[in-house]
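Asker: Provided below: upload-v2.cif, containing mmCIF, C-alpha atoms.
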data_target
loop_
_atom_site.label_atom_id
_atom_site.label_comp_id
_atom_site.auth_asym_id
_atom_site.auth_seq_id
_atom_site.Cartn_x
_atom_site.Cartn_y
_atom_site.Cartn_z
CA MET A 1383 89.73 65.20 70.17
CA GLY A 1384 91.40 65.28 66.77
CA LEU A 1385 89.78 66.07 63.45
CA LEU A 1386 87.10 63.65 62.34
CA THR A 1387 86.97 62.28 58.79
CA ALA A 1388 84.01 61.80 56.48
CA GLU A 1389 83.89 59.16 53.78
CA THR A 1390 82.75 60.59 50.43
CA ALA A 1391 81.90 58.25 47.59
CA MET A 1392 83.12 59.37 44.19
CA THR A 1393 82.15 57.36 41.12
CA THR A 1394 84.19 57.35 37.93
CA THR A 1395 83.59 55.46 34.76
CA SER A 1396 86.39 53.93 32.70
CA SER A 1397 86.04 52.31 29.25
CA SER A 1398 87.61 48.98 28.34
CA GLY A 1399 90.63 49.92 26.25
CA SER A 1400 92.91 46.90 26.84
CA ASN A 1401 92.86 43.21 27.81
CA GLU A 1402 93.66 44.06 31.48
CA THR A 1403 90.65 46.37 31.78
CA ALA A 1404 88.28 44.35 29.65
CA GLY A 1405 84.93 43.80 31.34
CA MET A 1406 85.75 46.34 34.01
CA SER A 1407 83.45 49.37 33.82
CA ASN A 1408 81.75 51.79 36.12
CA ALA A 1409 84.40 51.19 38.83
CA THR A 1410 83.63 52.86 42.17
CA ILE A 1411 86.48 54.55 44.02
CA ILE A 1412 86.11 55.43 47.73
CA THR A 1413 88.25 58.30 48.99
CA THR A 1414 88.55 59.82 52.46
CA VAL A 1415 88.59 63.61 52.83
CA PRO A 1416 89.38 65.25 56.21
CA LEU A 1417 86.83 67.81 57.34
CA THR A 1418 86.74 70.29 60.22
CA THR A 1419 85.02 68.96 63.33
CA PRO A 1420 81.57 70.49 63.88
CA ALA A 1421 81.33 72.43 67.14
CA TYR A 1422 78.64 70.14 68.51
CA GLN A 1423 80.93 67.11 68.09
CA GLN A 1424 83.85 68.51 70.09
CA ARG A 1425 83.21 66.78 73.39
CA LEU A 1426 85.22 65.63 76.36
CA PRO A 1427 85.92 61.91 76.85
CA VAL A 1428 83.00 59.98 78.33
CA GLY A 1429 84.96 59.07 81.46
CA ALA A 1430 85.78 62.72 82.15
CA ILE A 1431 82.13 63.71 81.61
CA VAL A 1432 80.92 61.09 84.10
CA VAL A 1433 83.42 62.11 86.78
CA LEU A 1434 82.83 65.84 86.32
CA THR A 1435 79.04 65.38 86.31
CA ALA A 1436 79.09 63.48 89.61
CA LEU A 1437 81.37 66.09 91.19
CA MET A 1438 79.22 68.97 89.97
CA VAL A 1439 75.97 67.48 91.31
CA LEU A 1440 77.63 66.95 94.69
CA MET A 1441 79.06 70.48 94.72
CA ILE A 1442 75.69 72.04 93.85
CA VAL A 1443 73.96 70.21 96.70
CA ILE A 1444 76.63 71.00 99.30
CA SER A 1445 77.08 74.62 98.22
CA ALA A 1446 73.37 75.47 98.04
CA LEU A 1447 72.31 73.60 101.17
CA GLY A 1448 75.34 74.28 103.38
CA ASN A 1449 75.61 77.98 102.61
CA SER A 1450 71.84 78.43 102.95
CA ILE A 1451 72.05 77.05 106.48
CA VAL A 1452 74.82 79.54 107.30
CA CYS A 1453 72.72 82.47 106.05
CA LEU A 1454 69.64 81.18 107.87
CA ILE A 1455 71.50 80.88 111.15
CA VAL A 1456 72.76 84.46 110.99
CA TYR A 1457 69.31 85.73 109.94
CA GLN A 1458 67.35 83.91 112.66
CA LYS A 1459 69.71 84.47 115.59
CA PRO A 1460 70.42 88.09 116.55
CA ALA A 1461 73.28 86.93 118.77
CA MET A 1462 75.06 85.65 115.65
CA ARG A 1463 74.93 89.01 113.85
CA SER A 1464 78.42 90.14 114.75
CA ALA A 1465 80.56 91.90 112.17
CA ILE A 1466 82.56 88.78 111.30
CA ASN A 1467 79.42 86.63 111.03
CA LEU A 1468 77.76 89.16 108.74
CA LEU A 1469 80.80 88.96 106.47
CA LEU A 1470 80.73 85.16 106.57
CA ALA A 1471 76.99 85.17 105.77
CA ASN A 1472 77.63 87.45 102.80
CA LEU A 1473 80.40 85.13 101.62
CA ALA A 1474 77.94 82.23 101.96
CA PHE A 1475 75.31 84.13 99.96
CA ALA A 1476 77.78 84.71 97.12
CA ASP A 1477 78.56 80.98 97.14
CA ILE A 1478 74.82 80.20 96.97
CA MET A 1479 74.48 82.39 93.89
CA VAL A 1480 77.41 80.61 92.26
CA ALA A 1481 75.77 77.24 93.01
CA LEU A 1482 72.36 78.26 91.64
CA LEU A 1483 73.17 80.64 88.78
CA CYS A 1484 76.50 79.34 87.44
CA MET A 1485 77.06 75.67 88.24
CA PRO A 1486 73.87 74.30 86.60
CA PHE A 1487 74.68 75.96 83.26
CA ALA A 1488 78.19 74.51 83.30
CA LEU A 1489 76.71 71.10 84.06
CA VAL A 1490 74.21 71.30 81.16
CA THR A 1491 76.97 72.39 78.78
CA LEU A 1492 79.19 69.54 79.95
CA VAL A 1493 76.49 66.92 79.31
CA ALA A 1494 75.22 68.43 76.04
CA GLY A 1495 78.67 69.12 74.63
CA ASP A 1496 77.66 72.58 73.41
CA TRP A 1497 76.17 75.85 74.62
CA LEU A 1498 72.40 75.61 74.08
CA LEU A 1499 71.04 78.84 75.58
CA GLY A 1500 72.04 81.43 73.04
CA PRO A 1501 74.56 84.29 73.04
CA ALA A 1502 72.59 86.51 75.46
CA MET A 1503 72.55 83.90 78.23
CA CYS A 1504 76.20 83.17 77.49
CA GLN A 1505 77.04 86.79 78.27
CA ILE A 1506 74.86 86.83 81.40
CA THR A 1507 76.16 83.61 82.94
CA ALA A 1508 79.79 84.56 82.32
CA PHE A 1509 79.16 87.97 83.93
CA LEU A 1510 77.42 86.41 86.97
CA TYR A 1511 80.26 83.94 87.48
CA LEU A 1512 82.83 86.73 87.49
CA PHE A 1513 80.60 89.00 89.60
CA PHE A 1514 79.95 86.50 92.42
CA VAL A 1515 83.51 85.21 92.45
CA MET A 1516 84.87 88.74 92.84
CA GLU A 1517 82.42 89.43 95.67
CA ALA A 1518 83.48 86.31 97.55
CA THR A 1519 87.15 87.19 97.09
CA PHE A 1520 86.72 90.76 98.33
CA ILE A 1521 84.84 89.59 101.42
CA LEU A 1522 87.49 86.99 102.24
CA ALA A 1523 90.19 89.64 101.90
CA THR A 1524 88.17 91.98 104.14
CA ILE A 1525 87.91 89.29 106.83
CA SER A 1526 91.66 88.66 106.65
CA VAL A 1527 92.54 92.34 106.97
CA ASP A 1528 90.09 92.66 109.88
CA ARG A 1529 91.83 89.78 111.65
CA TYR A 1530 95.14 91.58 111.07
CA PHE A 1531 93.92 94.76 112.75
CA ILE A 1532 92.43 92.82 115.66
CA ILE A 1533 95.39 90.55 116.37
CA VAL A 1534 98.41 92.59 115.27
CA ARG A 1535 97.28 96.20 115.70
CA ARG A 1536 94.84 95.38 118.54
CA LYS A 1537 92.18 97.59 116.99
CA ASP A 1538 88.70 96.14 116.87
CA LYS A 1539 86.86 98.83 114.90
CA LEU A 1540 84.72 96.71 112.58
CA ASN A 1541 81.21 96.77 114.04
CA PRO A 1542 78.06 95.38 112.35
CA HIS A 1543 77.16 98.79 110.88
CA ARG A 1544 80.57 99.21 109.25
CA ALA A 1545 80.47 95.60 108.09
CA LYS A 1546 77.21 96.30 106.23
CA ILE A 1547 78.77 99.34 104.57
CA LEU A 1548 81.76 97.27 103.46
CA ILE A 1549 79.45 94.58 102.12
CA GLY A 1550 77.54 97.14 100.05
CA LEU A 1551 80.77 98.64 98.69
CA SER A 1552 82.10 95.20 97.79
CA TRP A 1553 78.98 94.38 95.75
CA LEU A 1554 79.18 97.72 93.95
CA THR A 1555 82.89 97.29 93.22
CA SER A 1556 82.38 93.75 91.92
CA ALA A 1557 79.63 94.90 89.56
CA VAL A 1558 81.71 97.78 88.19
CA VAL A 1559 84.79 95.61 87.60
CA ALA A 1560 82.83 92.76 85.97
CA PHE A 1561 80.68 94.99 83.72
CA PRO A 1562 83.08 96.02 80.86
CA PRO A 1563 82.84 92.72 78.91
CA LEU A 1564 79.08 93.30 78.55
CA VAL A 1565 79.76 96.47 76.54
CA GLY A 1566 82.45 95.04 74.28
CA TRP A 1567 85.66 95.30 76.28
CA ALA A 1568 87.14 91.75 76.25
CA ARG A 1569 83.84 90.12 75.35
CA PHE A 1570 82.56 86.84 76.71
CA GLY A 1571 81.87 83.94 74.38
CA TYR A 1572 81.62 80.17 74.10
CA VAL A 1573 84.60 78.19 72.85
CA PRO A 1574 83.62 74.77 71.38
CA GLY A 1575 84.84 71.94 73.57
CA HIS A 1576 84.75 73.96 76.79
CA VAL A 1577 82.09 73.71 79.47
CA GLN A 1578 81.35 77.36 80.23
CA CYS A 1579 81.24 80.73 78.53
CA GLN A 1580 84.42 82.63 79.16
CA PHE A 1581 86.61 85.37 77.73
CA LYS A 1582 87.19 85.20 74.01
CA PRO A 1583 90.81 85.42 72.84
CA PRO A 1584 91.90 89.08 73.15
CA ALA A 1585 91.31 91.00 69.93
CA SER A 1586 93.30 94.07 70.94
CA PRO A 1587 95.89 95.22 73.50
CA ALA A 1588 93.03 96.83 75.45
CA ASP A 1589 91.36 93.42 75.87
CA THR A 1590 94.64 91.91 77.06
CA ALA A 1591 95.14 94.76 79.53
CA TYR A 1592 91.63 94.33 80.96
CA ILE A 1593 91.98 90.57 81.48
CA PHE A 1594 95.42 91.06 83.03
CA CYS A 1595 94.16 93.73 85.47
CA LEU A 1596 91.01 91.75 86.19
CA TYR A 1597 92.88 88.73 87.49
CA LEU A 1598 95.17 90.99 89.44
CA ALA A 1599 92.06 92.27 91.23
CA VAL A 1600 90.36 88.87 91.54
CA PHE A 1601 93.30 86.78 92.73
CA TYR A 1602 96.80 88.21 92.91
CA VAL A 1603 96.24 91.44 94.87
CA PRO A 1604 93.80 89.87 97.40
CA CYS A 1605 96.15 86.90 97.73
CA ALA A 1606 99.10 89.20 98.45
CA ALA A 1607 97.10 91.21 101.01
CA MET A 1608 95.87 88.07 102.77
CA SER A 1609 99.33 86.49 102.73
CA PHE A 1610 100.96 89.50 104.39
CA SER A 1611 98.12 89.69 106.92
CA TYR A 1612 98.52 86.06 107.93
CA LEU A 1613 102.30 86.29 108.11
CA PHE A 1614 102.02 89.17 110.58
CA ILE A 1615 99.28 87.33 112.48
CA LEU A 1616 101.32 84.14 112.76
CA ASN A 1617 104.29 86.13 114.00
CA THR A 1618 102.12 87.84 116.63
CA VAL A 1619 100.58 84.58 117.82
CA ARG A 1620 104.02 82.97 118.03
CA ARG A 1621 105.39 85.90 120.03
CA ASN A 1622 102.45 85.80 122.44
CA SER A 1623 102.85 82.06 122.85
CA LEU A 1624 106.43 82.60 123.96
CA ARG A 1625 105.28 85.25 126.42
CA ILE A 1626 102.76 82.88 127.95
CA GLN A 1627 105.41 80.19 128.28
CA ASN A 1628 107.73 82.68 129.98
CA HIS A 1629 104.96 83.82 132.37
CA PRO A 1630 103.02 80.70 133.33
CA GLU A 1631 101.78 82.46 136.45
CA SER A 1632 99.64 84.73 134.27
CA LEU A 1633 96.14 83.45 134.84
CA SER A 1634 93.88 83.05 131.81
CA ILE A 1635 90.20 83.85 131.84
CA SER A 1636 89.17 80.21 131.57
CA GLN A 1637 91.49 79.29 134.43
CA ALA A 1638 90.16 82.13 136.59
CA SER A 1639 86.61 80.99 135.95
CA LYS A 1640 87.42 77.46 137.05
CA LEU A 1641 89.06 78.74 140.25
CA GLY A 1642 86.23 81.15 141.06
CA LEU A 1643 88.45 84.23 140.76
CA THR A 1644 86.43 86.11 138.15
CA SER A 1645 85.29 88.68 140.74
CA LEU A 1646 88.84 89.76 141.54
CA PRO A 1647 90.22 92.86 139.79
CA ARG A 1648 92.22 91.96 136.70
CA PRO A 1649 94.64 93.95 134.55
CA SER A 1650 93.38 95.58 131.35
CA ARG A 1651 95.32 93.14 129.23
CA VAL A 1652 94.10 89.61 129.53
CA ASN A 1653 94.93 86.34 127.89
CA VAL A 1654 92.88 83.25 127.24
CA ASP A 1655 93.80 79.68 126.46
CA MET A 1656 95.95 79.45 123.34
CA SER A 1657 93.67 76.75 121.95
CA PHE A 1658 90.75 79.18 122.09
CA LYS A 1659 92.80 82.05 120.70
CA THR A 1660 94.26 80.21 117.77
CA ARG A 1661 91.08 78.36 116.80
CA ALA A 1662 89.24 81.47 115.56
CA PHE A 1663 92.28 82.56 113.58
CA THR A 1664 92.86 79.06 112.22
CA THR A 1665 89.32 78.98 110.81
CA ILE A 1666 89.94 82.06 108.68
CA LEU A 1667 93.37 80.73 107.71
CA LEU A 1668 91.75 77.52 106.46
CA LEU A 1669 89.37 79.55 104.29
CA PHE A 1670 92.38 81.33 102.83
CA ILE A 1671 94.28 78.10 102.14
CA VAL A 1672 91.28 76.55 100.40
CA PHE A 1673 90.90 79.72 98.32
CA ILE A 1674 94.53 79.53 97.21
CA VAL A 1675 94.36 75.83 96.34
CA CYS A 1676 91.14 76.21 94.36
CA TRP A 1677 91.98 79.41 92.50
CA ALA A 1678 95.73 79.33 91.89
CA PRO A 1679 95.52 76.91 88.90
CA SER A 1680 92.87 79.07 87.21
CA ALA A 1681 94.73 82.35 87.77
CA VAL A 1682 98.02 80.92 86.55
CA SER A 1683 96.49 79.23 83.48
CA VAL A 1684 94.79 82.48 82.41
CA TYR A 1685 98.10 84.34 82.38
CA VAL A 1686 99.87 81.48 80.63
CA GLU A 1687 97.34 81.44 77.80
CA LEU A 1688 97.16 85.23 77.71
CA PHE A 1689 100.87 85.73 77.03
CA SER A 1690 101.77 82.44 75.33
CA ALA A 1691 99.60 81.48 72.37
CA SER A 1692 101.43 78.16 71.99
CA SER A 1693 100.75 77.10 75.60
CA GLN A 1694 97.07 76.24 75.40
CA ILE A 1695 95.45 73.93 77.95
CA ASN A 1696 93.35 71.07 76.59
CA PRO A 1697 89.57 71.05 77.25
CA VAL A 1698 89.81 68.31 79.90
CA GLY A 1699 92.37 70.31 81.86
CA LYS A 1700 90.27 73.47 81.55
CA ALA A 1701 87.20 71.64 82.82
CA PHE A 1702 88.98 70.30 85.91
CA ILE A 1703 90.47 73.75 86.63
CA LEU A 1704 86.99 75.30 86.40
CA TRP A 1705 85.53 72.59 88.66
CA LEU A 1706 88.27 73.34 91.17
CA THR A 1707 87.11 76.97 91.40
CA TYR A 1708 83.55 75.76 92.03
CA LEU A 1709 84.85 73.43 94.73
CA ASN A 1710 85.75 76.48 96.80
CA SER A 1711 82.04 77.30 97.26
CA ALA A 1712 81.38 73.77 98.54
CA PHE A 1713 84.29 73.70 100.99
CA ASN A 1714 83.41 76.94 102.79
CA PRO A 1715 80.24 75.75 104.63
CA ILE A 1716 82.05 72.55 105.62
CA ILE A 1717 84.78 74.64 107.24
CA TYR A 1718 82.20 76.79 109.04
CA CYS A 1719 80.46 73.83 110.65
CA TRP A 1720 83.68 71.99 111.38
CA ARG A 1721 85.54 74.87 113.01
CA ILE A 1722 82.91 77.25 114.42
CA LYS A 1723 81.13 75.82 117.46
CA LYS A 1724 78.22 78.25 117.33
CA PHE A 1725 77.40 77.20 113.78
CA ARG A 1726 77.46 73.54 114.77
CA GLU A 1727 75.11 74.18 117.67
CA ALA A 1728 72.78 76.20 115.46
CA CYS A 1729 72.76 73.42 112.87
CA ARG A 1730 71.71 70.97 115.54
CA GLU A 1731 68.88 73.26 116.58
CA LEU A 1732 67.67 73.67 113.00
CA ALA A 1733 67.83 69.97 112.19
CA PRO A 1734 64.82 67.77 113.07
CA LYS A 1735 65.30 65.60 116.14
CA THR A 1736 65.17 62.42 114.06
CA PHE A 1737 68.16 63.61 112.01
CA ARG A 1738 70.37 64.76 114.86
CA LEU A 1739 73.09 62.17 114.46
CA LEU A 1740 75.91 64.18 116.00
CA PRO A 1741 76.46 63.96 119.76
CA LYS A 1742 75.42 66.93 121.83
CA LEU A 1743 78.22 69.42 122.27
CA PRO A 1744 79.25 70.50 125.77
CA GLY A 1745 77.83 73.78 126.99
CA ARG A 1746 79.96 76.89 126.66
CA THR A 1747 80.60 79.62 129.14
CA ARG A 1748 78.90 82.86 128.17
CA ARG A 1749 81.35 85.70 128.11
CA ARG A 1750 81.96 88.88 126.19
CA ILE A 1751 85.58 89.59 125.36
CA ARG A 1752 86.99 92.08 122.95
CA PRO A 1753 88.53 90.08 120.07
CA SER A 1754 91.66 92.20 120.29
CA ALA A 1755 92.04 91.30 123.97
CA MET A 1756 92.08 87.61 123.11
CA TYR A 1757 95.51 88.00 121.54
CA GLU A 1758 97.04 90.27 124.15
CA CYS A 1759 99.30 88.84 126.77
CA ASN A 1760 99.62 89.97 130.35
CA GLU A 1761 103.31 90.39 130.99
CA GLN A 1762 102.92 91.20 134.68
CA SER A 1763 103.90 88.51 137.09
CA SER A 1764 101.56 87.62 139.93
CA VAL A 1765 102.97 87.83 143.44
#
Rewrite the coordinates I just gave you, this time as structure tokens.

Answerer:
Amino acid sequence: MGLLTAETAMTTTSSSGSNETAGMSNATIITTVPLTTPAYQQRLPVGAIVVLTALMVLMIVISALGNSIVCLIVYQKPAMRSAINLLLANLAFADIMVALLCMPFALVTLVAGDWLLGPAMCQITAFLYLFFVMEATFILATISVDRYFIIVRRKDKLNPHRAKILIGLSWLTSAVVAFPPLVGWARFGYVPGHVQCQFKPPASPADTAYIFCLYLAVFYVPCAAMSFSYLFILNTVRRNSLRIQNHPESLSISQASKLGLTSLPRPSRVNVDMSFKTRAFTTILLLFIVFIVCWAPSAVSVYVELFSASSQINPVGKAFILWLTYLNSAFNPIIYCWRIKKFREACRELAPKTFRLLPKLPGRTRRRIRPSAMYECNEQSSV
């Protein structure tokens, strides 16, 4: 990726003035002059382009198809329209938009080695990338805080109506936060050798302040909120596990169903199998871990380049960091279908019979339990 050189022929004529130079005339001298590399020639190594192209095609297919199935399931099945599923469907929709409106442009730029769609589209695609990423982050943080209130505070107040209001507010907030670069505050632009339009180097302290605050809102603040939520949740689950071990006579709902004791009066606080309790929480925790792994390198690299002009990441490293952020959109639907049984069953129903390769899942007992009750432990001993 260094500077290229161009060979320029320069012809000089010398006259024969001595015996050593006799018969030598019109001698041609070839000199090499270093020139600045044209923008269209600053490209990544071929091996990196091949690997990144294959990964991007795979991510586009998985993100668009997998997240579309998630949205379709929630749309077609009224029973799936709980508050948490509405939030997950909105997260899936944001990932679909990233796959359709951001990833293809990065792929074209990677293959072509230059931005081909003009400055207007450069501004639009950079805005959309930031807009949809912020929306997905806000929704994931909302889900985490909701789990905190359900498990730790035992307050299940997020109903579908309130979830829709939060979704609308998150879209509005994301648009407001991502809009300033379109009007000249820390403008977007294309840097030769990179694979996507991004922030130009800050031209003023105001630009630096905006980029700094932006990544606080996109990554660091949501990450801190989610981390504290999950620490409190883990502590609560651990404490309840100890209570269950100390009171083995406390009968869980699944155990009561097997013994035919569901008709007997039960205390207001109930507990269920720990495997069932922790599985729902573990699913959201996995989404959080994937988010951290995919976005931490990008968030850290932005601050490093923002405050240290000498610590610039090479184009190959930037491309892999960007691809890692896109990988988050592809991992989410895989986690949904792997961890959430209802989504797996719905996928089997949507798939044609000839393509149903997975074995049929065992039937589940229909029951309606408050999510907050799932994490409460009955401390009374049975006589």

Asker: With distances taken over all atoms listed in the file, which of A:Leu1468, A:Ala1585, A:Val1439, A:Leu1598 is nearest to Asn1541 (chain A)?

Answerer: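 Closest to Asn1541 (chain A) of all the choices is A:Leu1468.
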
Asker: Got a sec: who's within 10 Å of Leu1499 (chain A), counting all atoms listed in the file, leaving out chain neighbours fewer than 4 positions off, as a list in words?

Answerer: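 Returned residues: Phe1487, Val1490, Thr1491, Met1503 and Cys1504 of chain A.
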
Asker: Convert the current residue selection to file output with C-alpha atoms, as a tab-separated table (two decimals), in the coordinates of the input.

Answerer:
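File part_16.tsv, as written:
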chain	number	residue	atom	x	y	z
A	1487	PHE	CA	74.68	75.96	83.26
A	1490	VAL	CA	74.21	71.30	81.16
A	1491	THR	CA	76.97	72.39	78.78
A	1503	MET	CA	72.55	83.90	78.23
A	1504	CYS	CA	76.20	83.17	77.49

Asker: Using the chain letters and numbers from this file, what does the PyMOL selection byres ((chain A and resi 1454) around 12) select? Give the answer as a VMD selection string.

Answerer: chain A and resid 1446 to 1453 1455 to 1460 1462 to 1463 1467 to 1468 1470 to 1472 1474 to 1475 1725 1728 to 1729 1731 to 1732

Asker: Just C-alpha atoms for this one: save the residues we selected as an mmCIF file, keeping the file's coordinate frame.

Answerer:
data_model
loop_
_atom_site.group_PDB
_atom_site.id
_atom_site.type_symbol
_atom_site.label_atom_id
_atom_site.label_comp_id
_atom_site.auth_asym_id
_atom_site.auth_seq_id
_atom_site.Cartn_x
_atom_site.Cartn_y
_atom_site.Cartn_z
ATOM 1 C CA ALA A 1446 73.370 75.470 98.040
ATOM 2 C CA LEU A 1447 72.310 73.600 101.170
ATOM 3 C CA GLY A 1448 75.340 74.280 103.380
ATOM 4 C CA ASN A 1449 75.610 77.980 102.610
ATOM 5 C CA SER A 1450 71.840 78.430 102.950
ATOM 6 C CA ILE A 1451 72.050 77.050 106.480
ATOM 7 C CA VAL A 1452 74.820 79.540 107.300
ATOM 8 C CA CYS A 1453 72.720 82.470 106.050
ATOM 9 C CA ILE A 1455 71.500 80.880 111.150
ATOM 10 C CA VAL A 1456 72.760 84.460 110.990
ATOM 11 C CA TYR A 1457 69.310 85.730 109.940
ATOM 12 C CA GLN A 1458 67.350 83.910 112.660
ATOM 13 C CA LYS A 1459 69.710 84.470 115.590
ATOM 14 C CA PRO A 1460 70.420 88.090 116.550
ATOM 15 C CA MET A 1462 75.060 85.650 115.650
ATOM 16 C CA ARG A 1463 74.930 89.010 113.850
ATOM 17 C CA ASN A 1467 79.420 86.630 111.030
ATOM 18 C CA LEU A 1468 77.760 89.160 108.740
ATOM 19 C CA LEU A 1470 80.730 85.160 106.570
ATOM 20 C CA ALA A 1471 76.990 85.170 105.770
ATOM 21 C CA ASN A 1472 77.630 87.450 102.800
ATOM 22 C CA ALA A 1474 77.940 82.230 101.960
ATOM 23 C CA PHE A 1475 75.310 84.130 99.960
ATOM 24 C CA PHE A 1725 77.400 77.200 113.780
ATOM 25 C CA ALA A 1728 72.780 76.200 115.460
ATOM 26 C CA CYS A 1729 72.760 73.420 112.870
ATOM 27 C CA GLU A 1731 68.880 73.260 116.580
ATOM 28 C CA LEU A 1732 67.670 73.670 113.000
#

Asker: List the residues sitting within 9 Å of (83.1, 89.8, 73.6) in the file's frame, using all atoms listed in the file, as a VMD selection string.

Answerer: chain A and resid 1505 1563 to 1571 1581 to 1584

Asker: Can you list what the PyMOL selection byres ((chain A and resi 1678) around 12) grabs from this structure, as an MDAnalysis selection string?

Answerer: chainID A and resid 1597:1598 1600:1602 1605 1670:1677 1679:1685 1703:1704 1706:1707 1710

Asker: Taking into account all atoms listed in the file, which residue in the set A:Ser1609, A:Ser1692, A:Gln1580, A:Thr1507 is nearest to Val1527 (chain A)?

Answerer: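 Ranked by minimum distance to Val1527 (chain A), first place goes to A:Ser1609.
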
Asker: Pick the closest to Ala1606 (chain A) from A:Ala1508, A:Ala1523, A:Ala1691, A:Ala1588: which is it, counting all atoms listed in the file?

Answerer: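 Closest residue, counting all atoms listed in the file: A:Ala1523.
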
Asker: Can you work out the spacing between CA of Gly1495 (chain A) and CA of Pro1574 (chain A) in Å, to one decimal?

Answerer: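 These two atoms are separated by 8.2 Å.
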
Asker: What is the distance between CA of Ala1502 (chain A) and CA of Ala1436 (chain A), in Å to one decimal?

Answerer: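 Value for the CA of Ala1502 (chain A)-CA of Ala1436 (chain A) distance: 27.8 Å.
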
Asker: May I ask for the distance between CA of Ala1461 (chain A) and CA of Ile1717 (chain A), given in Å to one decimal place?

Answerer: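 Going from CA of Ala1461 (chain A) over to CA of Ile1717 (chain A), I get 20.4 Å.
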
Asker: Could you check the closest approach to Val1515 (chain A) for each of A:Val1493, A:Val1573, A:Ala1599, A:Ile1695 and tell me which residue wins, using all atoms listed in the file?

Answerer: A:Ala1599

Asker: Nearest residue to Glu1517 (chain A) out of A:Leu1613, A:Ile1666, A:Leu1709, A:Leu1548, using all atoms listed in the file?

Answerer: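 Answer, going by the shortest atom-to-atom distance: A:Leu1548.
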
Asker: I need the output of the PyMOL selection byres ((chain A and resi 1524) around 10) for this file as a PDB file with C-alpha atoms, keeping the file's coordinate frame; which residues are they?

Answerer:
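Below you can see result.pdb, which holds the result:
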ATOM      1  CA  ILE A1466      82.560  88.780 111.300  1.00  0.00           C
ATOM      2  CA  LEU A1469      80.800  88.960 106.470  1.00  0.00           C
ATOM      3  CA  ALA A1518      83.480  86.310  97.550  1.00  0.00           C
ATOM      4  CA  THR A1519      87.150  87.190  97.090  1.00  0.00           C
ATOM      5  CA  PHE A1520      86.720  90.760  98.330  1.00  0.00           C
ATOM      6  CA  ILE A1521      84.840  89.590 101.420  1.00  0.00           C
ATOM      7  CA  LEU A1522      87.490  86.990 102.240  1.00  0.00           C
ATOM      8  CA  ALA A1523      90.190  89.640 101.900  1.00  0.00           C
ATOM      9  CA  ILE A1525      87.910  89.290 106.830  1.00  0.00           C
ATOM     10  CA  SER A1526      91.660  88.660 106.650  1.00  0.00           C
ATOM     11  CA  VAL A1527      92.540  92.340 106.970  1.00  0.00           C
ATOM     12  CA  ASP A1528      90.090  92.660 109.880  1.00  0.00           C
ATOM     13  CA  ARG A1529      91.830  89.780 111.650  1.00  0.00           C
ATOM     14  CA  TYR A1530      95.140  91.580 111.070  1.00  0.00           C
ATOM     15  CA  ALA A1545      80.470  95.600 108.090  1.00  0.00           C
ATOM     16  CA  LEU A1548      81.760  97.270 103.460  1.00  0.00           C
ATOM     17  CA  ILE A1549      79.450  94.580 102.120  1.00  0.00           C
ATOM     18  CA  SER A1552      82.100  95.200  97.790  1.00  0.00           C
ATOM     19  CA  PRO A1604      93.800  89.870  97.400  1.00  0.00           C
ATOM     20  CA  ALA A1607      97.100  91.210 101.010  1.00  0.00           C
ATOM     21  CA  MET A1608      95.870  88.070 102.770  1.00  0.00           C
TER      22      MET A1608
END

Asker: Ranking A:Ile1533, A:Val1559, A:Met1438, A:Ala1701 by minimum distance to Val1577 (chain A) and counting all atoms listed in the file, which one comes first?

Answerer: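 Of A:Ile1533, A:Val1559, A:Met1438, A:Ala1701, the one nearest Val1577 (chain A) is A:Ala1701, counting all atoms listed in the file.
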